[in-house]
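S.K.: If it helps, the file is called coords.pdb and holds PDB, C-alpha atoms:
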```
ATOM      1  CA  MET P 237    -142.138-113.747  98.767
ATOM      2  CA  PHE P 238    -141.741-112.191 102.348
ATOM      3  CA  ARG P 239    -139.004-113.663 104.516
ATOM      4  CA  ARG P 240    -138.540-113.327 108.249
ATOM      5  CA  PRO P 241    -135.324-111.529 109.183
ATOM      6  CA  THR P 242    -132.620-113.781 110.474
ATOM      7  CA  VAL P 243    -131.330-113.551 114.022
ATOM      8  CA  LEU P 244    -128.110-111.972 112.786
ATOM      9  CA  ALA P 245    -130.015-109.236 111.013
ATOM     10  CA  ALA P 246    -131.964-108.479 114.200
ATOM     11  CA  LEU P 247    -128.769-108.157 116.209
ATOM     12  CA  LEU P 248    -127.295-105.837 113.599
ATOM     13  CA  LEU P 249    -130.376-103.655 113.770
ATOM     14  CA  ALA P 250    -130.144-103.452 117.588
ATOM     15  CA  ALA P 251    -126.411-102.670 117.619
ATOM     16  CA  PRO P 252    -126.778 -98.851 117.597
ATOM     17  CA  ALA P 253    -129.091 -99.008 120.593
ATOM     18  CA  LEU P 254    -126.705-101.267 122.487
ATOM     19  CA  ALA P 255    -123.865 -98.867 121.744
ATOM     20  CA  ASP P 256    -125.711 -96.137 123.642
ATOM     21  CA  LEU P 257    -125.671 -98.076 126.937
ATOM     22  CA  PRO P 258    -123.132 -96.849 129.552
ATOM     23  CA  THR P 259    -119.945 -98.843 129.618
ATOM     24  CA  GLU P 260    -118.449 -97.404 132.858
ATOM     25  CA  LYS P 261    -118.919 -99.193 136.164
ATOM     26  CA  PRO P 262    -120.842 -97.314 138.865
ATOM     27  CA  PRO P 263    -118.627 -95.790 141.581
ATOM     28  CA  ALA P 264    -117.988 -98.020 144.519
ATOM     29  CA  LEU P 265    -119.848 -97.171 147.733
ATOM     30  CA  ALA P 266    -117.775 -95.236 150.242
ATOM     31  CA  PRO P 267    -116.691 -97.249 153.248
ATOM     32  CA  PRO P 268    -118.708 -96.533 156.411
ATOM     33  CA  GLY P 269    -117.293 -93.871 158.734
ATOM     34  CA  GLN P 270    -115.467 -94.839 161.865
ATOM     35  CA  VAL P 271    -117.665 -95.458 164.940
ATOM     36  CA  LEU P 272    -116.430 -94.062 168.242
ATOM     37  CA  THR P 273    -116.410 -96.745 170.858
ATOM     38  CA  VAL P 274    -116.262 -95.960 174.593
ATOM     39  CA  GLU P 275    -115.160 -98.531 177.055
ATOM     40  CA  ALA P 276    -117.635 -99.317 179.796
ATOM     41  CA  PRO P 277    -116.537 -98.142 183.253
ATOM     42  CA  THR P 278    -114.891-100.856 185.251
ATOM     43  CA  SER P 279    -115.294 -99.213 188.679
ATOM     44  CA  LYS P 280    -118.243 -97.743 190.573
ATOM     45  CA  PRO P 281    -118.563 -93.929 190.794
ATOM     46  CA  PRO P 282    -117.601 -92.429 194.147
ATOM     47  CA  PRO P 283    -120.488 -92.104 196.600
ATOM     48  CA  LEU P 284    -122.181 -88.713 196.882
ATOM     49  CA  GLU P 285    -120.831 -86.576 199.700
ATOM     50  CA  ARG P 286    -123.081 -86.653 202.754
ATOM     51  CA  THR P 287    -123.792 -83.217 204.177
ATOM     52  CA  ALA P 288    -125.415 -82.006 207.373
ATOM     53  CA  ALA P 289    -128.701 -81.732 205.478
ATOM     54  CA  ASP P 290    -128.644 -85.497 204.906
ATOM     55  CA  ILE P 291    -127.948 -86.568 208.476
ATOM     56  CA  PRO P 292    -131.190 -87.528 210.230
ATOM     57  CA  GLY P 293    -132.105 -86.218 213.648
ATOM     58  CA  PRO P 294    -133.541 -85.089 215.915
ATOM     59  CA  ALA P 295    -130.183 -85.071 217.711
ATOM     60  CA  CYS P 296    -127.782 -82.386 216.450
ATOM     61  CA  VAL P 297    -124.428 -83.997 215.673
ATOM     62  CA  GLU P 298    -121.063 -82.353 215.124
ATOM     63  CA  ALA P 299    -121.719 -81.642 211.415
ATOM     64  CA  HIS P 300    -124.931 -79.816 212.366
ATOM     65  CA  ARG P 301    -123.294 -77.958 215.237
ATOM     66  CA  ALA P 302    -120.502 -76.554 213.086
ATOM     67  CA  LEU P 303    -122.981 -74.831 210.731
ATOM     68  CA  ILE P 304    -125.215 -73.715 213.589
ATOM     69  CA  ASP P 305    -122.313 -72.176 215.500
ATOM     70  CA  ASP P 306    -121.196 -70.179 212.438
ATOM     71  CA  ALA P 307    -124.736 -68.894 211.912
ATOM     72  CA  MET P 308    -125.133 -68.041 215.601
ATOM     73  CA  ALA P 309    -121.915 -66.036 215.595
ATOM     74  CA  GLU P 310    -122.965 -64.048 212.525
ATOM     75  CA  ALA P 311    -126.447 -63.322 213.911
ATOM     76  CA  ARG P 312    -124.918 -62.085 217.176
ATOM     77  CA  ARG P 313    -122.597 -59.823 215.191
ATOM     78  CA  ARG P 314    -125.303 -58.333 212.943
ATOM     79  CA  LEU P 315    -128.051 -57.679 215.489
ATOM     80  CA  PRO P 316    -126.215 -54.924 217.426
ATOM     81  CA  GLU P 317    -125.842 -52.976 214.150
ATOM     82  CA  ALA P 318    -129.617 -53.164 213.642
ATOM     83  CA  ILE P 319    -130.298 -52.082 217.232
ATOM     84  CA  ARG P 320    -127.986 -49.069 216.882
ATOM     85  CA  LEU P 321    -129.737 -47.958 213.684
ATOM     86  CA  VAL P 322    -133.181 -48.067 215.295
ATOM     87  CA  ARG P 323    -131.918 -46.290 218.429
ATOM     88  CA  ASP P 324    -129.813 -43.616 216.744
ATOM     89  CA  GLU P 325    -131.629 -43.021 213.443
ATOM     90  CA  PRO P 326    -135.318 -43.822 214.010
ATOM     91  CA  ASP P 327    -136.349 -42.052 210.808
ATOM     92  CA  HIS P 328    -133.912 -43.968 208.608
ATOM     93  CA  PRO P 329    -135.527 -45.080 205.294
ATOM     94  CA  HIS P 330    -134.440 -48.674 205.910
ATOM     95  CA  ILE P 331    -136.527 -48.825 209.081
ATOM     96  CA  ARG P 332    -139.533 -47.336 207.331
ATOM     97  CA  ARG P 333    -139.108 -49.778 204.466
ATOM     98  CA  TRP P 334    -139.543 -52.831 206.713
ATOM     99  CA  PHE P 335    -141.715 -51.457 209.533
ATOM    100  CA  GLY P 336    -143.563 -48.434 208.188
ATOM    101  CA  ASP P 337    -144.465 -46.071 211.038
ATOM    102  CA  ALA P 338    -144.526 -48.780 213.729
ATOM    103  CA  PRO P 339    -143.266 -47.645 217.155
ATOM    104  CA  ARG P 340    -139.477 -47.657 217.119
ATOM    105  CA  LYS P 341    -139.372 -48.700 220.768
ATOM    106  CA  THR P 342    -141.259 -51.907 219.926
ATOM    107  CA  ILE P 343    -138.841 -52.703 217.104
ATOM    108  CA  ARG P 344    -135.780 -52.000 219.246
ATOM    109  CA  ILE P 345    -136.974 -54.083 222.191
ATOM    110  CA  THR P 346    -137.807 -57.017 219.912
ATOM    111  CA  LEU P 347    -134.314 -56.902 218.406
ATOM    112  CA  GLU P 348    -132.717 -56.644 221.869
ATOM    113  CA  LEU P 349    -134.677 -59.636 223.188
ATOM    114  CA  THR P 350    -133.784 -61.651 220.100
ATOM    115  CA  LEU P 351    -130.091 -60.899 220.561
ATOM    116  CA  ALA P 352    -130.258 -61.842 224.247
ATOM    117  CA  ARG P 353    -131.876 -65.153 223.352
ATOM    118  CA  LEU P 354    -129.187 -65.993 220.779
ATOM    119  CA  GLU P 355    -126.468 -65.064 223.247
ATOM    120  CA  ASP P 356    -127.881 -67.457 225.833
ATOM    121  CA  MET P 357    -129.539 -70.584 224.410
ATOM    122  CA  SER P 358    -129.807 -72.332 227.771
ATOM    123  CA  GLY P 359    -133.220 -73.896 228.194
ATOM    124  CA  VAL P 360    -133.781 -74.146 224.414
ATOM    125  CA  ASP P 361    -134.281 -77.656 223.047
ATOM    126  CA  LEU P 362    -132.352 -77.540 219.763
ATOM    127  CA  ARG P 363    -133.376 -80.209 217.221
ATOM    128  CA  CYS P 364    -131.926 -81.000 213.801
ATOM    129  CA  ASN P 365    -133.718 -82.658 210.870
ATOM    130  CA  ASP P 366    -136.565 -83.931 213.008
ATOM    131  CA  PRO P 367    -139.027 -85.417 210.458
ATOM    132  CA  PRO P 368    -142.284 -84.567 212.312
ATOM    133  CA  GLY P 369    -141.276 -80.902 212.508
ATOM    134  CA  CYS P 370    -139.774 -80.592 209.022
ATOM    135  CA  PRO P 371    -142.464 -81.206 206.381
ATOM    136  CA  GLY P 372    -141.937 -80.017 202.817
ATOM    137  CA  GLY P 373    -139.397 -77.247 202.357
ATOM    138  CA  ARG P 374    -139.582 -75.760 205.845
ATOM    139  CA  PHE P 375    -136.355 -74.041 206.905
ATOM    140  CA  ALA P 376    -136.917 -74.187 210.645
ATOM    141  CA  TYR P 377    -139.558 -73.891 213.344
ATOM    142  CA  ALA P 378    -139.935 -72.649 216.915
ATOM    143  CA  ARG P 379    -142.383 -73.619 219.648
ATOM    144  CA  GLU P 380    -142.659 -71.117 222.457
ATOM    145  CA  ARG P 381    -144.712 -73.378 224.760
ATOM    146  CA  ASP P 382    -141.872 -75.893 225.240
ATOM    147  CA  MET P 383    -138.932 -73.792 223.939
ATOM    148  CA  VAL P 384    -138.085 -75.982 220.946
ATOM    149  CA  LEU P 385    -136.031 -74.614 218.054
ATOM    150  CA  GLY P 386    -135.903 -77.040 215.142
ATOM    151  CA  LEU P 387    -133.639 -76.715 212.117
ATOM    152  CA  CYS P 388    -134.508 -78.579 208.919
ATOM    153  CA  ALA P 389    -132.558 -79.724 205.863
ATOM    154  CA  PRO P 390    -133.093 -76.455 203.886
ATOM    155  CA  PHE P 391    -131.504 -74.553 206.786
ATOM    156  CA  PHE P 392    -128.336 -76.620 206.460
ATOM    157  CA  ARG P 393    -128.315 -76.067 202.677
ATOM    158  CA  ALA P 394    -128.818 -72.290 202.998
ATOM    159  CA  ARG P 395    -125.988 -69.855 202.324
ATOM    160  CA  MET P 396    -124.482 -67.325 204.686
ATOM    161  CA  ASP P 397    -125.298 -64.292 202.522
ATOM    162  CA  GLY P 398    -128.374 -62.729 200.957
ATOM    163  CA  THR P 399    -131.897 -63.251 202.263
ATOM    164  CA  ASP P 400    -132.969 -66.494 203.931
ATOM    165  CA  SER P 401    -129.394 -66.983 205.088
ATOM    166  CA  ARG P 402    -128.623 -69.439 207.867
ATOM    167  CA  TRP P 403    -127.989 -66.660 210.348
ATOM    168  CA  GLY P 404    -131.096 -64.766 209.220
ATOM    169  CA  ILE P 405    -133.233 -67.854 209.770
ATOM    170  CA  LEU P 406    -131.906 -68.047 213.330
ATOM    171  CA  ILE P 407    -132.957 -64.421 213.924
ATOM    172  CA  HIS P 408    -136.439 -65.262 212.667
ATOM    173  CA  GLU P 409    -136.838 -68.289 214.933
ATOM    174  CA  ALA P 410    -135.184 -66.707 217.973
ATOM    175  CA  SER P 411    -137.576 -63.749 217.714
ATOM    176  CA  HIS P 412    -140.463 -66.203 218.144
ATOM    177  CA  LEU P 413    -138.945 -67.610 221.331
ATOM    178  CA  ALA P 414    -137.723 -64.303 222.769
ATOM    179  CA  ALA P 415    -140.356 -61.768 221.750
ATOM    180  CA  ASN P 416    -143.386 -63.830 220.739
ATOM    181  CA  THR P 417    -143.281 -62.610 217.122
ATOM    182  CA  ARG P 418    -145.847 -64.005 214.679
ATOM    183  CA  ASP P 419    -145.929 -65.189 211.078
ATOM    184  CA  HIS P 420    -148.376 -62.766 209.500
ATOM    185  CA  ALA P 421    -146.537 -62.740 206.148
ATOM    186  CA  TYR P 422    -143.661 -64.593 204.520
ATOM    187  CA  ARG P 423    -140.841 -63.828 202.087
ATOM    188  CA  PRO P 424    -139.448 -60.354 201.328
ATOM    189  CA  ASN P 425    -142.371 -59.239 199.173
ATOM    190  CA  GLY P 426    -144.898 -60.260 201.804
ATOM    191  CA  ALA P 427    -142.964 -58.493 204.553
ATOM    192  CA  LEU P 428    -142.594 -55.300 202.493
ATOM    193  CA  ALA P 429    -146.299 -55.260 201.682
ATOM    194  CA  LEU P 430    -147.155 -55.759 205.356
ATOM    195  CA  ALA P 431    -145.018 -52.747 206.326
ATOM    196  CA  LYS P 432    -147.048 -50.573 203.940
ATOM    197  CA  GLU P 433    -150.477 -51.995 204.750
ATOM    198  CA  ASN P 434    -150.277 -52.709 208.479
ATOM    199  CA  ALA P 435    -147.242 -51.373 210.321
ATOM    200  CA  ALA P 436    -148.400 -52.751 213.670
ATOM    201  CA  ARG P 437    -148.409 -56.267 212.278
ATOM    202  CA  ALA P 438    -145.070 -55.700 210.561
ATOM    203  CA  ALA P 439    -143.617 -54.956 214.008
ATOM    204  CA  GLU P 440    -144.912 -58.378 215.138
ATOM    205  CA  ASN P 441    -143.793 -60.320 212.067
ATOM    206  CA  ALA P 442    -140.673 -62.513 212.313
ATOM    207  CA  ASP P 443    -139.781 -62.226 208.621
ATOM    208  CA  ASN P 444    -139.717 -58.422 208.837
ATOM    209  CA  TYR P 445    -137.023 -58.633 211.517
ATOM    210  CA  GLU P 446    -135.054 -61.237 209.586
ATOM    211  CA  TYR P 447    -135.023 -59.271 206.321
ATOM    212  CA  PHE P 448    -134.495 -55.944 208.102
ATOM    213  CA  VAL P 449    -131.228 -57.252 209.545
ATOM    214  CA  GLU P 450    -130.188 -59.241 206.448
ATOM    215  CA  THR P 451    -130.533 -56.193 204.164
ATOM    216  CA  LEU P 452    -129.115 -53.647 206.602
ATOM    217  CA  PRO P 453    -127.071 -50.968 204.767
ATOM    218  CA  ARG P 454    -123.362 -51.487 205.351
TER
END
```
Show me this structure written as structure tokens.
M.R.:
Amino acid sequence: MFRRPTVLAALLLAAPALADLPTEKPPALAPPGQVLTVEAPTSKPPPLERTAADIPGPACVEAHRALIDDAMAEARRRLPEAIRLVRDEPDHPHIRRWFGDAPRKTIRITLELTLARLEDMSGVDLRCNDPPGCPGGRFAYARERDMVLGLCAPFFRARMDGTDSRWGILIHEASHLAANTRDHAYRPNGALALAKENAARAAENADNYEYFVETLPR
């Protein structure tokens, strides 16, 4: 007669399988790493320094005047060197680089008139950061008809070395007022190309005079 196994017998049969189960506890989870906490600032940051470029015009205040005077002095110092080179060494490669074969007399007279204008600014209406005259990134502007020379925020941010220096910008604008120069081309590459392609126009172009003096061999 077939009998059902008792509960005890079933447990005995399962014992080997139970013995195979792991008896060790799983490793405890590592504690979370430390979190760096930064205290919130309790005081306001210092206000940004206000420079001459930030001071609205059109009146030129003392902060404007200080930068303008430095640039004027440097332009007056550099221009005689340029005039001497054109007068004494008319075939110098530096002159040909910026003016091609343009008449040296025209170049020299333009430089002399520009220097005379910067040495005597009487009658010139000097304006600083005048919004109507300073759109976009314009450095400066000159109006011959009413003798206005306007200086914009990028002028006051410009350096005193390299191209597009503060004093170089003044040479550019003063040449408009003193010698009726034009703006046929802009930037060094444009001025250099103009000297190769049309020397007569290079001798009329304000940027050619600015970069000629700024890059003068020393």
S.K.: May I ask which of the residues P:Arg379, P:Arg374, P:Arg320, P:Arg437 is the closest one to Asp419 (chain P), counting all atoms listed in the file?
M.R.: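 Among P:Arg379, P:Arg374, P:Arg320, P:Arg437, it is P:Arg437 that comes nearest to Asp419 (chain P).
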S.K.: Report, in Å to a single decimal, how far apart CA of Ile345 (chain P) and CA of Asn416 (chain P) are.
M.R.: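 We find that CA of Asn416 (chain P) and CA of Ile345 (chain P) lie 11.8 Å from each other.
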S.K.: Please enumerate the residues selected by the PyMOL selection byres ((chain P and resi 441) around 10) when evaluated against the supplied file, formatted as a list of chain:residue names.
M.R.: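 The output of the PyMOL selection byres ((chain P and resi 441) around 10) on this file is P:Phe335, P:His408, P:Ser411, P:His412, P:Asn416, P:Thr417, P:Arg418, P:Asp419, P:His420, P:Ala421, P:Tyr422, P:Ala427, P:Leu430, P:Ala431, P:Ala435, P:Ala436, P:Arg437, P:Ala438, P:Ala439, P:Glu440, P:Ala442, P:Asp443, P:Asn444, P:Tyr445, P:Glu446.
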S.K.: Quick one: which region 383-413 of chain P residues come within 8 Å of region 346-356 of chain P, and what is the nearest atom pair for each with the distance in Å to one decimal, counting only C-alpha atoms, rows ordered by chain and ascending number, as JSON lines?
M.R.:
```
{"residue": "P:Ile407", "atom": "CA", "partner": "P:Thr350", "partner_atom": "CA", "distance": 6.8}
{"residue": "P:Ala410", "atom": "CA", "partner": "P:Thr350", "partner_atom": "CA", "distance": 5.7}
{"residue": "P:Ser411", "atom": "CA", "partner": "P:Thr350", "partner_atom": "CA", "distance": 4.9}
{"residue": "P:Leu413", "atom": "CA", "partner": "P:Arg353", "partner_atom": "CA", "distance": 7.8}
```
S.K.: Counting all atoms listed in the file, figure out which residue out of P:Arg332, P:Arg323, P:Arg423, P:Arg363 gets nearest to Pro294 (chain P).
M.R.: P:Arg363
S.K.: Using only C-alpha atoms, can you tell me which of P:Ala389, P:Ala318, P:Met383, P:Arg344 comes closest to His330 (chain P)?
M.R.: P:Ala318
S.K.: For Cys364 (chain P), which residue among P:Ala394, P:Cys296, P:Ala288, P:Ile343 is the nearest when counting all atoms listed in the file?
M.R.: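 When distances to Cys364 (chain P) are compared using all atoms listed in the file, the smallest one comes from P:Cys296.
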S.K.: So, with only C-alpha atoms as the atoms that count, which of P:Ala307, P:Ala414, P:Ala289, P:Val322 lies closest to Asn365 (chain P)?
M.R.: P:Ala289
S.K.: Please indicate the distance in Å from CA of His300 (chain P) to CA of Pro367 (chain P), rounded to one decimal place.
M.R.: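 About the pair CA of His300 (chain P) and CA of Pro367 (chain P): they are 15.3 Å apart.
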S.K.: Run through the PyMOL selection byres ((chain P and resi 404) around 8) on the given coordinates and return the selected residues as number ranges by chain.
M.R.: P: 311, 399-403, 405-408, 446-447, 449-450
S.K.: Using CA of Arg381 (chain P) and CA of Met396 (chain P) as the two end points, give the distance in Å to one decimal.
M.R.: 29.1 Å
S.K.: Given all atoms listed in the file as the basis, pick out the residue of P:Gly336, P:Pro390, P:Pro292, P:Pro329 nearest to Pro368 (chain P).
M.R.: P:Pro292
S.K.: With 3 Å added on each side, what axis-aligned box encloses every listed atom of region 398-410 of chain P? Give the centre and edge lengths in Å to one decimal, as JSON.
M.R.:
```
{"center_x": -132.4, "center_y": -66.1, "center_z": 209.5, "size_x": 14.8, "size_y": 12.7, "size_z": 23.0}
```
